[in-house]
>>> print(open('run_33.txt').read())   # compact mmCIF, C-alpha atoms
# COMPACT_ATOMS: atom_id res chain seq x y z
CA MET A 5 62.48 7.18 29.19
CA ILE A 6 58.77 6.90 29.96
CA LEU A 7 57.32 9.75 32.01
CA ALA A 8 54.88 8.09 34.39
CA GLY A 9 54.67 10.52 37.28
CA GLY A 10 51.43 12.25 36.34
CA GLU A 11 49.15 13.19 39.22
CA GLY A 12 46.02 13.18 37.05
CA THR A 13 43.95 15.70 39.02
CA ARG A 14 41.32 15.95 36.27
CA LEU A 15 40.66 12.22 36.65
CA MET A 16 39.74 12.47 40.31
CA PRO A 17 38.42 10.47 42.11
CA LEU A 18 39.98 7.69 39.98
CA THR A 19 43.42 9.08 40.87
CA LYS A 20 42.74 9.46 44.57
CA SER A 21 45.01 6.51 45.43
CA ARG A 22 46.83 5.86 42.14
CA SER A 23 48.84 7.82 39.59
CA LYS A 24 47.30 8.61 36.22
CA PRO A 25 49.38 6.05 34.27
CA SER A 26 48.15 3.25 36.57
CA VAL A 27 44.45 4.03 36.06
CA PRO A 28 42.79 0.87 34.65
CA PHE A 29 41.49 0.96 31.09
CA GLY A 30 39.62 -1.44 28.83
CA GLY A 31 38.81 -3.96 31.54
CA SER A 32 42.16 -5.75 31.66
CA TYR A 33 44.75 -3.00 31.13
CA ARG A 34 46.21 0.14 32.66
CA LEU A 35 46.97 3.34 30.78
CA ILE A 36 50.73 2.76 30.89
CA ASP A 37 50.34 -0.60 29.13
CA PHE A 38 49.77 1.05 25.77
CA VAL A 39 53.08 2.90 25.57
CA LEU A 40 54.90 -0.12 27.00
CA ASN A 41 53.36 -2.35 24.33
CA ASN A 42 54.37 0.15 21.65
CA PHE A 43 58.00 -0.15 22.69
CA VAL A 44 58.00 -3.91 23.23
CA ASN A 45 56.20 -4.62 19.94
CA SER A 46 58.75 -2.32 18.26
CA GLY A 47 61.58 -4.45 19.64
CA ILE A 48 62.82 -1.78 22.08
CA LEU A 49 63.51 -3.32 25.47
CA ARG A 50 65.69 -0.82 27.32
CA LEU A 51 63.06 1.16 29.18
CA TYR A 52 63.15 3.32 32.27
CA VAL A 53 59.78 4.28 33.78
CA ILE A 54 60.04 7.50 35.79
CA THR A 55 57.49 7.53 38.62
CA GLN A 56 56.50 10.12 41.18
CA TYR A 57 53.03 10.55 42.73
CA LYS A 58 51.18 7.63 44.34
CA SER A 59 53.41 5.16 42.55
CA GLN A 60 52.83 1.97 44.57
CA SER A 61 50.07 0.49 42.39
CA LEU A 62 52.07 1.35 39.27
CA TYR A 63 55.20 -0.23 40.75
CA MET A 64 53.31 -3.44 41.60
CA HIS A 65 51.81 -3.57 38.11
CA LEU A 66 55.27 -3.28 36.53
CA LYS A 67 56.69 -5.84 38.92
CA ASN A 68 53.92 -8.36 38.26
CA GLY A 69 53.48 -7.87 34.54
CA TRP A 70 56.51 -6.21 32.98
CA THR A 71 59.62 -7.88 34.36
CA VAL A 72 62.39 -8.65 31.86
CA SER A 73 64.95 -11.18 33.00
CA GLY A 74 67.51 -13.45 31.40
CA ILE A 75 68.10 -11.26 28.33
CA PRO A 76 71.36 -9.27 28.62
CA GLY A 77 70.92 -5.56 27.98
CA CYS A 78 67.12 -5.66 28.22
CA PHE A 79 65.17 -4.15 31.09
CA ILE A 80 61.96 -2.36 32.06
CA ASP A 81 62.91 -0.59 35.27
CA PRO A 82 60.85 1.83 37.36
CA ILE A 83 62.78 4.80 38.72
CA PRO A 84 61.24 6.56 41.74
CA ALA A 85 61.93 10.25 42.23
CA GLN A 86 65.63 10.44 43.14
CA MET A 87 65.63 14.02 44.51
CA ARG A 88 69.28 14.24 43.50
CA THR A 89 69.23 18.04 43.18
CA GLY A 90 67.09 18.88 46.20
CA LYS A 91 64.17 17.76 48.32
CA GLU A 92 61.49 18.81 45.83
CA TRP A 93 59.49 16.63 43.45
CA TYR A 94 60.35 16.90 39.76
CA GLN A 95 59.82 20.50 38.68
CA GLY A 96 58.74 19.61 35.14
CA THR A 97 59.08 16.98 32.44
CA ALA A 98 62.57 18.14 31.47
CA ASP A 99 63.68 18.18 35.11
CA ALA A 100 62.46 14.59 35.49
CA ILE A 101 64.83 13.49 32.72
CA TYR A 102 67.65 15.77 33.91
CA GLN A 103 67.59 14.24 37.39
CA ASN A 104 67.98 10.81 35.79
CA LEU A 105 70.62 11.61 33.18
CA THR A 106 73.06 9.17 34.77
CA PHE A 107 70.73 6.27 33.92
CA ILE A 108 70.79 7.39 30.28
CA GLU A 109 74.53 7.99 30.08
CA ASP A 110 75.27 4.59 31.63
CA GLN A 111 73.72 2.99 28.52
CA TYR A 112 75.78 5.01 25.95
CA PRO A 113 72.82 5.55 23.57
CA ASP A 114 72.85 7.35 20.24
CA ASP A 115 69.24 8.45 20.67
CA VAL A 116 66.80 8.68 23.55
CA CYS A 117 63.03 8.30 23.32
CA VAL A 118 61.15 10.41 25.87
CA PHE A 119 57.49 9.35 25.84
CA GLY A 120 54.42 10.01 27.93
CA SER A 121 52.47 7.17 29.50
CA ASP A 122 48.80 8.15 29.65
CA HIS A 123 47.49 8.16 26.08
CA ILE A 124 45.57 5.49 24.18
CA TYR A 125 47.18 4.70 20.82
CA LYS A 126 49.33 2.24 18.90
CA MET A 127 52.60 3.18 17.26
CA ASP A 128 55.47 1.31 15.65
CA ILE A 129 58.27 3.41 17.13
CA ARG A 130 60.81 1.94 14.72
CA GLN A 131 59.21 3.97 11.93
CA MET A 132 59.63 7.20 13.89
CA LEU A 133 63.24 6.26 14.69
CA HIS A 134 63.92 5.70 10.99
CA TYR A 135 62.43 9.11 10.17
CA HIS A 136 64.54 10.71 12.92
CA ALA A 137 67.74 9.07 11.65
CA SER A 138 67.08 9.83 7.97
CA ASN A 139 66.77 13.54 8.82
CA LYS A 140 69.80 13.47 11.14
CA ALA A 141 67.57 15.37 13.54
CA SER A 142 68.55 16.76 16.91
CA LEU A 143 64.95 16.19 18.01
CA THR A 144 61.91 14.61 16.41
CA VAL A 145 58.47 15.34 17.86
CA ALA A 146 55.51 13.02 17.23
CA ALA A 147 52.38 14.89 16.18
CA ILE A 148 48.79 14.30 15.20
CA ARG A 149 46.11 16.35 13.44
CA LEU A 150 43.18 17.26 15.72
CA PRO A 151 40.19 19.61 15.52
CA SER A 152 41.38 23.05 16.60
CA LYS A 153 38.44 23.48 18.97
CA LEU A 154 39.79 20.57 21.06
CA CYS A 155 43.31 22.00 21.25
CA ALA A 156 42.81 25.31 23.06
CA LYS A 157 44.91 25.38 26.25
CA ALA A 158 45.39 21.61 25.95
CA PHE A 159 48.28 20.74 23.61
CA GLY A 160 51.42 22.14 22.08
CA VAL A 161 50.57 23.38 18.57
CA ILE A 162 53.14 22.90 15.80
CA GLU A 163 53.92 24.56 12.48
CA VAL A 164 55.99 22.69 9.89
CA ASP A 165 57.51 23.39 6.49
CA GLN A 166 57.23 21.13 3.46
CA ALA A 167 60.29 19.14 4.53
CA GLY A 168 58.72 18.28 7.89
CA ARG A 169 60.95 20.69 9.80
CA MET A 170 59.40 22.48 12.78
CA ILE A 171 59.15 26.21 12.10
CA GLY A 172 56.75 27.17 14.89
CA PHE A 173 55.67 25.89 18.26
CA GLU A 174 53.27 27.28 20.86
CA GLU A 175 52.57 25.49 24.13
CA LYS A 176 48.84 25.24 24.94
CA PRO A 177 47.70 28.44 23.19
CA GLU A 178 44.25 29.90 23.75
CA VAL A 179 43.75 30.20 19.98
CA PRO A 180 45.54 27.32 18.22
CA LYS A 181 46.96 28.00 14.78
CA GLU A 182 45.29 25.98 12.05
CA ILE A 183 47.07 23.84 9.48
CA PRO A 184 47.47 25.89 6.26
CA GLY A 185 44.87 24.71 3.74
CA ASP A 186 43.10 22.61 6.39
CA PRO A 187 40.74 24.97 8.22
CA GLY A 188 39.44 23.83 11.59
CA TYR A 189 42.39 21.53 12.28
CA SER A 190 45.71 21.94 14.08
CA LEU A 191 48.87 19.86 14.28
CA VAL A 192 49.59 19.08 17.93
CA SER A 193 52.40 17.46 19.87
CA MET A 194 51.70 14.01 21.32
CA GLY A 195 54.31 14.58 24.03
CA ASN A 196 56.54 11.90 22.48
CA TYR A 197 60.11 12.88 21.57
CA ILE A 198 63.23 11.28 20.11
CA PHE A 199 66.40 13.20 20.96
CA ASN A 200 69.95 12.83 19.83
CA ALA A 201 71.48 11.75 23.14
CA LYS A 202 74.24 14.38 23.17
CA VAL A 203 71.80 17.15 22.31
CA LEU A 204 69.43 16.03 25.07
CA SER A 205 72.18 15.95 27.67
CA HIS A 206 73.45 19.41 26.69
CA GLU A 207 70.02 21.05 26.56
CA LEU A 208 68.95 19.64 29.91
CA ARG A 209 72.12 20.83 31.64
CA VAL A 210 71.72 24.32 30.21
CA ASP A 211 68.06 24.37 31.19
CA ALA A 212 68.83 23.24 34.74
CA GLU A 213 71.06 26.29 35.21
CA ASP A 214 68.34 28.71 34.06
CA PRO A 215 66.52 30.14 37.12
CA ASN A 216 63.72 31.45 34.89
CA SER A 217 62.92 28.09 33.30
CA SER A 218 59.94 25.94 34.28
CA HIS A 219 62.05 22.92 33.21
CA ASP A 220 59.43 21.57 30.84
CA PHE A 221 59.92 20.17 27.34
CA GLY A 222 56.92 21.98 25.87
CA LYS A 223 57.46 25.31 27.60
CA ASP A 224 61.25 25.54 27.55
CA ILE A 225 63.26 22.94 25.64
CA ILE A 226 61.38 22.80 22.33
CA PRO A 227 60.90 26.60 21.92
CA LYS A 228 64.63 27.12 22.37
CA LEU A 229 65.67 24.21 20.15
CA PHE A 230 63.49 24.42 17.03
CA PRO A 231 64.71 27.86 15.78
CA ARG A 232 68.12 26.28 15.22
CA GLY A 233 66.57 24.39 12.29
CA ASN A 234 67.15 20.74 13.14
CA VAL A 235 63.88 19.76 14.86
CA PHE A 236 61.60 17.58 12.75
CA VAL A 237 57.97 16.52 13.16
CA TYR A 238 56.76 12.95 12.69
CA ASP A 239 53.09 12.69 11.73
CA LEU A 240 51.43 9.69 13.40
CA SER A 241 49.15 9.31 10.40
CA ASN A 242 52.19 8.01 8.50
CA ASN A 243 52.64 5.16 10.99
CA THR A 244 51.28 1.84 9.76
CA ILE A 245 50.65 -1.34 11.73
CA GLU A 246 49.42 -4.53 10.08
CA GLY A 247 45.87 -5.37 11.08
CA GLU A 248 45.02 -1.84 12.27
CA PRO A 249 42.46 0.56 10.75
CA SER A 250 43.88 2.90 8.13
CA GLU A 251 42.96 5.95 10.21
CA VAL A 252 45.19 6.23 13.27
CA TYR A 253 43.68 6.57 16.74
CA TRP A 254 45.11 8.66 19.58
CA ARG A 255 43.25 9.82 22.65
CA ASP A 256 44.27 11.90 25.64
CA VAL A 257 42.12 10.47 28.44
CA GLY A 258 43.00 13.20 30.90
CA SER A 259 39.42 13.97 31.92
CA ILE A 260 36.52 11.83 33.11
CA ASP A 261 34.50 12.49 29.96
CA ALA A 262 37.44 11.66 27.67
CA TYR A 263 38.09 8.48 29.67
CA TRP A 264 34.45 7.40 29.30
CA ASP A 265 34.37 8.33 25.60
CA ALA A 266 37.48 6.25 24.91
CA HIS A 267 35.83 3.22 26.51
CA MET A 268 32.72 3.68 24.39
CA ASP A 269 34.98 3.84 21.31
CA LEU A 270 35.98 0.24 22.05
CA LEU A 271 32.39 -0.98 21.78
CA VAL A 272 31.04 0.46 18.54
CA PRO A 273 30.87 -1.62 15.33
CA ASN A 274 34.13 -1.31 13.36
CA ALA A 275 35.73 0.24 16.44
CA PRO A 276 38.37 2.90 15.67
CA PHE A 277 40.61 1.33 18.32
CA THR A 278 40.74 -2.41 18.85
CA LEU A 279 42.25 -4.63 21.51
CA MET A 280 41.86 -7.68 19.25
CA ASN A 281 44.73 -7.36 16.75
CA LEU A 282 46.81 -10.51 17.29
CA LYS A 283 49.58 -9.06 15.13
CA TRP A 284 50.03 -6.28 17.70
CA PRO A 285 49.49 -8.10 21.01
CA LEU A 286 48.69 -6.05 24.09
CA HIS A 287 50.50 -7.44 27.09
CA THR A 288 49.54 -6.64 30.68
CA PHE A 289 49.52 -8.27 34.08
CA TYR A 290 46.74 -10.83 33.97
CA PRO A 291 45.84 -12.29 37.40
CA PRO A 292 45.08 -16.02 37.71
CA LEU A 293 41.30 -15.91 37.28
CA PRO A 294 38.67 -18.21 35.77
CA PRO A 295 36.80 -17.17 32.60
CA ALA A 296 33.81 -14.87 32.98
CA HIS A 297 30.69 -16.83 33.96
CA PHE A 298 27.16 -16.24 32.68
CA SER A 299 24.11 -17.93 34.20
CA ASP A 300 20.33 -17.60 34.06
CA THR A 301 17.89 -17.42 36.94
CA LYS A 302 14.24 -18.49 37.16
CA GLN A 303 13.17 -14.95 36.34
CA ASN A 304 15.88 -13.65 33.98
CA GLN A 305 18.37 -14.65 31.32
CA SER A 306 21.78 -13.10 31.24
CA VAL A 307 22.08 -10.90 28.14
CA VAL A 308 25.32 -9.21 27.10
CA SER A 309 25.54 -6.96 24.04
CA GLN A 310 28.24 -4.63 22.66
CA SER A 311 30.29 -5.09 25.81
CA MET A 312 33.64 -6.33 27.10
CA ILE A 313 33.61 -8.64 30.11
CA SER A 314 36.89 -9.47 31.86
CA ALA A 315 37.97 -12.66 33.60
CA GLY A 316 36.50 -13.54 36.97
CA CYS A 317 33.19 -11.74 36.32
CA ASN A 318 29.90 -13.35 37.30
CA ILE A 319 26.78 -12.30 35.38
CA ASP A 320 23.76 -13.93 37.02
CA GLY A 321 20.48 -13.12 35.26
CA ALA A 322 21.61 -9.55 34.45
CA LYS A 323 21.68 -7.45 31.28
CA ILE A 324 24.91 -5.74 30.26
CA ASN A 325 24.77 -3.34 27.32
CA LYS A 326 27.52 -1.10 25.87
CA SER A 327 29.68 -1.49 28.96
CA VAL A 328 33.19 -2.54 30.00
CA LEU A 329 33.60 -4.72 33.10
CA GLY A 330 37.01 -5.23 34.69
CA PHE A 331 38.17 -8.22 36.68
CA ARG A 332 35.86 -9.95 39.21
CA CYS A 333 32.70 -7.86 38.75
CA GLU A 334 29.29 -9.21 39.71
CA ALA A 335 25.85 -8.30 38.34
CA HIS A 336 22.90 -10.12 39.89
CA ASP A 337 19.34 -11.15 39.08
CA GLY A 338 17.33 -8.52 37.22
CA SER A 339 20.02 -5.84 37.21
CA LEU A 340 20.80 -3.66 34.17
CA VAL A 341 24.16 -2.03 33.38
CA GLU A 342 24.43 0.13 30.28
CA GLU A 343 26.95 2.61 28.88
CA SER A 344 29.12 2.18 31.95
CA VAL A 345 32.65 1.29 33.01
CA LEU A 346 33.10 -1.00 36.03
CA ILE A 347 36.80 -0.92 36.83
CA GLY A 348 36.88 -4.15 38.85
CA ASP A 349 35.64 -5.93 41.99
CA VAL A 350 32.27 -4.17 41.69
CA LYS A 351 29.12 -5.82 43.04
CA ILE A 352 25.81 -4.83 41.44
CA GLY A 353 22.90 -6.11 43.53
CA ALA A 354 19.70 -7.66 42.22
CA ASN A 355 17.34 -5.35 40.32
CA CYS A 356 19.83 -2.46 40.18
CA LYS A 357 19.93 -0.09 37.24
CA VAL A 358 23.18 1.67 36.25
CA ARG A 359 23.64 3.98 33.27
CA ARG A 360 26.46 6.30 32.11
CA ALA A 361 28.63 5.67 35.14
CA ILE A 362 32.25 4.91 35.99
CA ILE A 363 32.54 2.76 39.10
CA ASP A 364 35.92 2.19 40.74
CA ARG A 365 37.07 -0.91 42.62
CA ASP A 366 35.38 -2.45 45.66
CA VAL A 367 32.10 -0.58 45.19
CA GLU A 368 28.85 -2.32 46.13
CA LEU A 369 25.32 -1.30 45.15
CA ALA A 370 22.47 -2.58 47.28
CA PRO A 371 19.61 -4.49 45.62
CA GLY A 372 17.24 -2.14 43.82
CA PHE A 373 19.64 0.82 43.77
CA THR A 374 19.43 3.11 40.73
CA LEU A 375 22.25 5.20 39.31
CA GLY A 376 22.09 7.45 36.27
CA TYR A 377 18.32 7.36 35.68
CA ASP A 378 16.94 9.84 38.21
CA GLU A 379 18.88 13.11 38.48
CA GLU A 380 17.23 14.08 41.77
CA ALA A 381 18.10 10.73 43.33
CA ASP A 382 21.66 10.91 41.98
CA ASN A 383 22.15 14.37 43.47
CA LYS A 384 21.67 12.92 46.96
CA ILE A 385 24.84 10.85 46.71
CA LEU A 386 27.03 13.41 44.92
CA THR A 387 29.66 15.45 46.72
CA PRO A 388 30.39 18.32 44.30
CA ASP A 389 32.72 20.13 46.71
CA ASN A 390 34.66 17.00 47.60
CA LYS A 391 36.77 15.57 44.80
CA ASN A 392 37.24 12.37 46.78
CA GLY A 393 33.53 11.46 46.76
CA PRO A 394 30.99 10.59 44.05
CA GLN A 395 31.03 13.15 41.25
CA ARG A 396 29.16 14.10 38.09
CA SER A 397 31.37 15.17 35.19
CA ALA A 398 30.70 18.08 32.87
CA GLY A 399 29.32 15.56 30.39
CA GLY A 400 26.97 13.99 32.92
CA ILE A 401 29.00 10.87 33.73
CA ILE A 402 28.65 9.78 37.36
CA VAL A 403 31.89 8.58 39.00
CA ILE A 404 31.87 6.45 42.14
CA PRO A 405 35.26 6.21 43.93
CA LYS A 406 36.83 3.16 45.51
CA GLY A 407 35.20 1.34 48.39
CA VAL A 408 31.83 3.13 48.42
CA ARG A 409 28.67 1.20 49.42
CA LEU A 410 25.45 2.72 48.13
CA GLY A 411 21.87 2.00 49.15
CA PHE A 412 22.61 0.12 52.36
>>> encode(input="run_33.txt", output="C-alpha cells")
Amino acid sequence: MILAGGEGTRLMPLTKSRSKPSVPFGGSYRLIDFVLNNFVNSGILRLYVITQYKSQSLYMHLKNGWTVSGIPGCFIDPIPAQMRTGKEWYQGTADAIYQNLTFIEDQYPDDVCVFGSDHIYKMDIRQMLHYHASNKASLTVAAIRLPSKLCAKAFGVIEVDQAGRMIGFEEKPEVPKEIPGDPGYSLVSMGNYIFNAKVLSHELRVDAEDPNSSHDFGKDIIPKLFPRGNVFVYDLSNNTIEGEPSEVYWRDVGSIDAYWDAHMDLLVPNAPFTLMNLKWPLHTFYPPLPPAHFSDTKQNQSVVSQSMISAGCNIDGAKINKSVLGFRCEAHDGSLVEESVLIGDVKIGANCKVRRAIIDRDVELAPGFTLGYDEEADNKILTPDNKNGPQRSAGGIIVIPKGVRLGF
C-alpha cells in the first residue's frame, strides 16, 4: 500500500496543479517512481497506490508507465479516495489504509507494506521483509540516522534496544532525542512500515472507533503498538544493493530547498545518489522523443558540464552548468543556465542568464532576460504573498510556476 495522496504545500508552486508524489525529479522521473522501483526491483508486484489530492497527473503517469498486464496476481493499481465512511477526504495516513482494508483482505496477505511515495532513496525491500519475518514482528519500521538538528518537528524519532526492538517513539518532537553514544544524531522513521496483516487490520479498526484519534500511523498507531514489545526497527544502513555506494542515501524533498539540494546531489563527482546503476534500473514513463540535440552557432559553442540533459532538449549555442533539464527544454544562442532545475518544456531565449532557479513546465524567458543574478530585478517578478506565483525560497532559490512568460 503506497500512500500517494500528499498535498505537498511546502513545495508550492510546484504542487499547484499536481500532487507531491507526481512532482518531476531528475529530469526523466517523478517522485513516486523511486518507491515503485524499490518494490519492482525487489520482486514485489502487488501494489495499490492510494491517491487523493490533484491526482490526475499521477494517474496518467501510472497508466502510461506502470501498467502490469498478462501476469496473474500482479498489479500496480491506483485507488482514488473511496469516501466509504463519509464525505471527507482521508483523515490521516492510518485512515487512508483503513478505508481501503477490503483491497488488502481480498489478497489474503501475511504481511502488508505501507510505504510513503515522496522520498528519494533505493531499498531492497526483501531484506526488510526478511528482518521482519525473522523477528516475528507485529510491525517493523524502517529508520535512518540523521543529524538531530534536521529532525526537529520534522520526523518521528525512535529509540531502540540492542535487539532492535522499539522502546520509544516520539512524533515530530521539538527536541529530538539523540542516539546513545552518538551525539548530534537521531534515529528517525522513514514512514515505511511492514505490518503483520492481522495486526494491521485489528489496529486500524480499533483506531477508527476512537473519536480522539487523529488516525495517523505516527501519532496514533505506533505509540499504542510499540509498548507491547513486538515492534522492531530496520536500519536502512543495513540495506545493501549491488553497484550502490556503501553509504545509503535518503532524502525528504518536502521543501523547495531540499528539492533543489537533492538535484544538486545528482551532479557532484562520486554522487551520493546515482541514476546510472544498471543493476538497479529505474523505470518510468518515457515519452517517444528524440535524443537531446546540441548545436553551435556562429557566435557560440554549446557547452554542457556537470549536468543531466533529458530527451527532446535542444541546446543551441548555450552553456549549461550544474543543472538538470527535463524533457523538451530549449536553451538558445548565448544563454547561460547554471545550478538550476528546468522541469520540462522550458524555453530559454537567446542571451538569457539563469542561476539557482527551479522552472516548471511551459515557462518561456524572453531573449536577454536575467534570473538569479540581480536581486533587485528578481524582486520585481516575485509574488511573496501569492503561493501560486514566482517565489524565492528561504535558501534563495527562485521558483517559477507553470506557464509563466517573463520579459515579454
>>> residues_near_point(input="run_33.txt", point="(70.5, 12.9, 26.9)", cutoff="8 Å", atoms="only C-alpha atoms", output="PDB file with C-alpha atoms, in the frame of the given file")
ATOM      1  CA  LEU A 105      70.620  11.610  33.180  1.00  0.00           C
ATOM      2  CA  ILE A 108      70.790   7.390  30.280  1.00  0.00           C
ATOM      3  CA  GLU A 109      74.530   7.990  30.080  1.00  0.00           C
ATOM      4  CA  ASP A 115      69.240   8.450  20.670  1.00  0.00           C
ATOM      5  CA  VAL A 116      66.800   8.680  23.550  1.00  0.00           C
ATOM      6  CA  PHE A 199      66.400  13.200  20.960  1.00  0.00           C
ATOM      7  CA  ASN A 200      69.950  12.830  19.830  1.00  0.00           C
ATOM      8  CA  ALA A 201      71.480  11.750  23.140  1.00  0.00           C
ATOM      9  CA  LYS A 202      74.240  14.380  23.170  1.00  0.00           C
ATOM     10  CA  VAL A 203      71.800  17.150  22.310  1.00  0.00           C
ATOM     11  CA  LEU A 204      69.430  16.030  25.070  1.00  0.00           C
ATOM     12  CA  SER A 205      72.180  15.950  27.670  1.00  0.00           C
ATOM     13  CA  HIS A 206      73.450  19.410  26.690  1.00  0.00           C
ATOM     14  CA  LEU A 208      68.950  19.640  29.910  1.00  0.00           C
TER      15      LEU A 208
END
>>> atom_distance(input="run_33.txt", atom1="CA of Lys176 in chain A", atom2="CA of Val145 in chain A")
15.5 Å
>>> residues_around(input="run_33.txt", residues="range 186-190 of chain A", least_positions_apart="6", cutoff="12 Å", atoms="only C-alpha atoms", output="PDB file with C-alpha atoms, keeping the file's coordinate frame")
ATOM      1  CA  ALA A 147      52.380  14.890  16.180  1.00  0.00           C
ATOM      2  CA  ILE A 148      48.790  14.300  15.200  1.00  0.00           C
ATOM      3  CA  ARG A 149      46.110  16.350  13.440  1.00  0.00           C
ATOM      4  CA  LEU A 150      43.180  17.260  15.720  1.00  0.00           C
ATOM      5  CA  PRO A 151      40.190  19.610  15.520  1.00  0.00           C
ATOM      6  CA  SER A 152      41.380  23.050  16.600  1.00  0.00           C
ATOM      7  CA  LYS A 153      38.440  23.480  18.970  1.00  0.00           C
ATOM      8  CA  LEU A 154      39.790  20.570  21.060  1.00  0.00           C
ATOM      9  CA  CYS A 155      43.310  22.000  21.250  1.00  0.00           C
ATOM     10  CA  ALA A 156      42.810  25.310  23.060  1.00  0.00           C
ATOM     11  CA  ALA A 158      45.390  21.610  25.950  1.00  0.00           C
ATOM     12  CA  PHE A 159      48.280  20.740  23.610  1.00  0.00           C
ATOM     13  CA  GLY A 160      51.420  22.140  22.080  1.00  0.00           C
ATOM     14  CA  VAL A 161      50.570  23.380  18.570  1.00  0.00           C
ATOM     15  CA  ILE A 162      53.140  22.900  15.800  1.00  0.00           C
ATOM     16  CA  GLU A 163      53.920  24.560  12.480  1.00  0.00           C
ATOM     17  CA  VAL A 164      55.990  22.690   9.890  1.00  0.00           C
ATOM     18  CA  PHE A 173      55.670  25.890  18.260  1.00  0.00           C
ATOM     19  CA  GLU A 174      53.270  27.280  20.860  1.00  0.00           C
ATOM     20  CA  LYS A 176      48.840  25.240  24.940  1.00  0.00           C
ATOM     21  CA  PRO A 177      47.700  28.440  23.190  1.00  0.00           C
ATOM     22  CA  VAL A 179      43.750  30.200  19.980  1.00  0.00           C
ATOM     23  CA  PRO A 180      45.540  27.320  18.220  1.00  0.00           C
TER      24      PRO A 180
END
>>> atom_distance(input="run_33.txt", atom1="CA of Lys384 in chain A", atom2="CA of Arg22 in chain A")
26.6 Å
>>> residues_around(input="run_33.txt", residues="Ser241 in chain A", least_positions_apart="6", cutoff="12 Å", atoms="all atoms listed in the file", output="mmCIF file with C-alpha atoms, in the coordinates of the input")
data_model
loop_
_atom_site.group_PDB
_atom_site.id
_atom_site.type_symbol
_atom_site.label_atom_id
_atom_site.label_comp_id
_atom_site.auth_asym_id
_atom_site.auth_seq_id
_atom_site.Cartn_x
_atom_site.Cartn_y
_atom_site.Cartn_z
ATOM 1 C CA TYR A 125 47.180 4.700 20.820
ATOM 2 C CA LYS A 126 49.330 2.240 18.900
ATOM 3 C CA MET A 127 52.600 3.180 17.260
ATOM 4 C CA ASP A 128 55.470 1.310 15.650
ATOM 5 C CA GLN A 131 59.210 3.970 11.930
ATOM 6 C CA MET A 132 59.630 7.200 13.890
ATOM 7 C CA ALA A 146 55.510 13.020 17.230
ATOM 8 C CA ALA A 147 52.380 14.890 16.180
ATOM 9 C CA ILE A 148 48.790 14.300 15.200
ATOM 10 C CA ARG A 149 46.110 16.350 13.440
ATOM 11 C CA LEU A 150 43.180 17.260 15.720
ATOM 12 C CA LEU A 191 48.870 19.860 14.280
ATOM 13 C CA PRO A 249 42.460 0.560 10.750
ATOM 14 C CA SER A 250 43.880 2.900 8.130
ATOM 15 C CA GLU A 251 42.960 5.950 10.210
ATOM 16 C CA VAL A 252 45.190 6.230 13.270
ATOM 17 C CA TYR A 253 43.680 6.570 16.740
ATOM 18 C CA TRP A 254 45.110 8.660 19.580
#
>>> atom_distance(input="run_33.txt", atom1="CA of Val118 in chain A", atom2="CA of Gly222 in chain A")
12.3 Å
>>> closest_atom_pairs(input="run_33.txt", of="range 276-383 of chain A", to="range 66-73 of chain A", cutoff="10 Å", atoms="only C-alpha atoms", output="Markdown table")
| residue | atom | partner | partner_atom | distance |
| --- | --- | --- | --- | --- |
| A:His287 | CA | A:Gly69 | CA | 8.0 |
| A:Thr288 | CA | A:Gly69 | CA | 5.7 |
| A:Phe289 | CA | A:Gly69 | CA | 4.0 |
| A:Tyr290 | CA | A:Gly69 | CA | 7.4 |
| A:Pro291 | CA | A:Asn68 | CA | 9.0 |
>>> residues_around(input="run_33.txt", residues="Ser46 in chain A", least_positions_apart="4", cutoff="7 Å", atoms="all atoms listed in the file", output="VMD selection string")
chain A and resid 42 128 to 130
>>> closest_residue(input="run_33.txt", among="A:Ala381, A:Met194, A:Val358, A:Trp284", to="Phe43 in chain A", atoms="only C-alpha atoms")
A:Trp284
>>> closest_residue(input="run_33.txt", among="A:Ile198, A:Leu143, A:Gly185, A:Gly77", to="Tyr112 in chain A", atoms="only C-alpha atoms")
A:Gly77
>>> residues_around(input="run_33.txt", residues="Gly407 in chain A", least_positions_apart="4", cutoff="12 Å", atoms="all atoms listed in the file", output="list in words")
Pro17, Leu18, Lys20, Ser21, Ile347, Gly348, Asp349, Val350, Lys351, Ile363, Asp364, Arg365, Asp366, Val367, Glu368, Leu369, Asn392, Gly393 and Pro394 of chain A
>>> residues_around(input="run_33.txt", residues="Met5 in chain A", least_positions_apart="4", cutoff="7 Å", atoms="all atoms listed in the file", output="list in words")
Leu51, Tyr52, Val53, Cys117, Val118 and Phe119 of chain A
>>> closest_residue(input="run_33.txt", among="A:Ala167, A:Ile362, A:Leu271, A:Ala370", to="Phe412 in chain A", atoms="all atoms listed in the file")
A:Ala370
>>> closest_residue(input="run_33.txt", among="A:Gly12, A:Pro227, A:Pro295, A:Gly30", to="Asp211 in chain A", atoms="all atoms listed in the file")
A:Pro227
>>> closest_atom_pairs(input="run_33.txt", of="range 221-278 of chain A", to="range 308-321 of chain A", cutoff="12 Å", atoms="all atoms listed in the file", output="tab-separated table")
residue	atom	partner	partner_atom	distance
A:His267	CA	A:Met312	CA	9.8
A:Met268	CA	A:Ser311	CA	9.2
A:Asp269	CA	A:Gln310	CA	10.9
A:Leu270	CA	A:Met312	CA	8.6
A:Leu271	CA	A:Gln310	CA	5.6
A:Val272	CA	A:Gln310	CA	7.1
A:Pro273	CA	A:Gln310	CA	8.3
A:Asn274	CA	A:Gln310	CA	11.5
A:Ala275	CA	A:Gln310	CA	10.9
A:Thr278	CA	A:Met312	CA	11.6
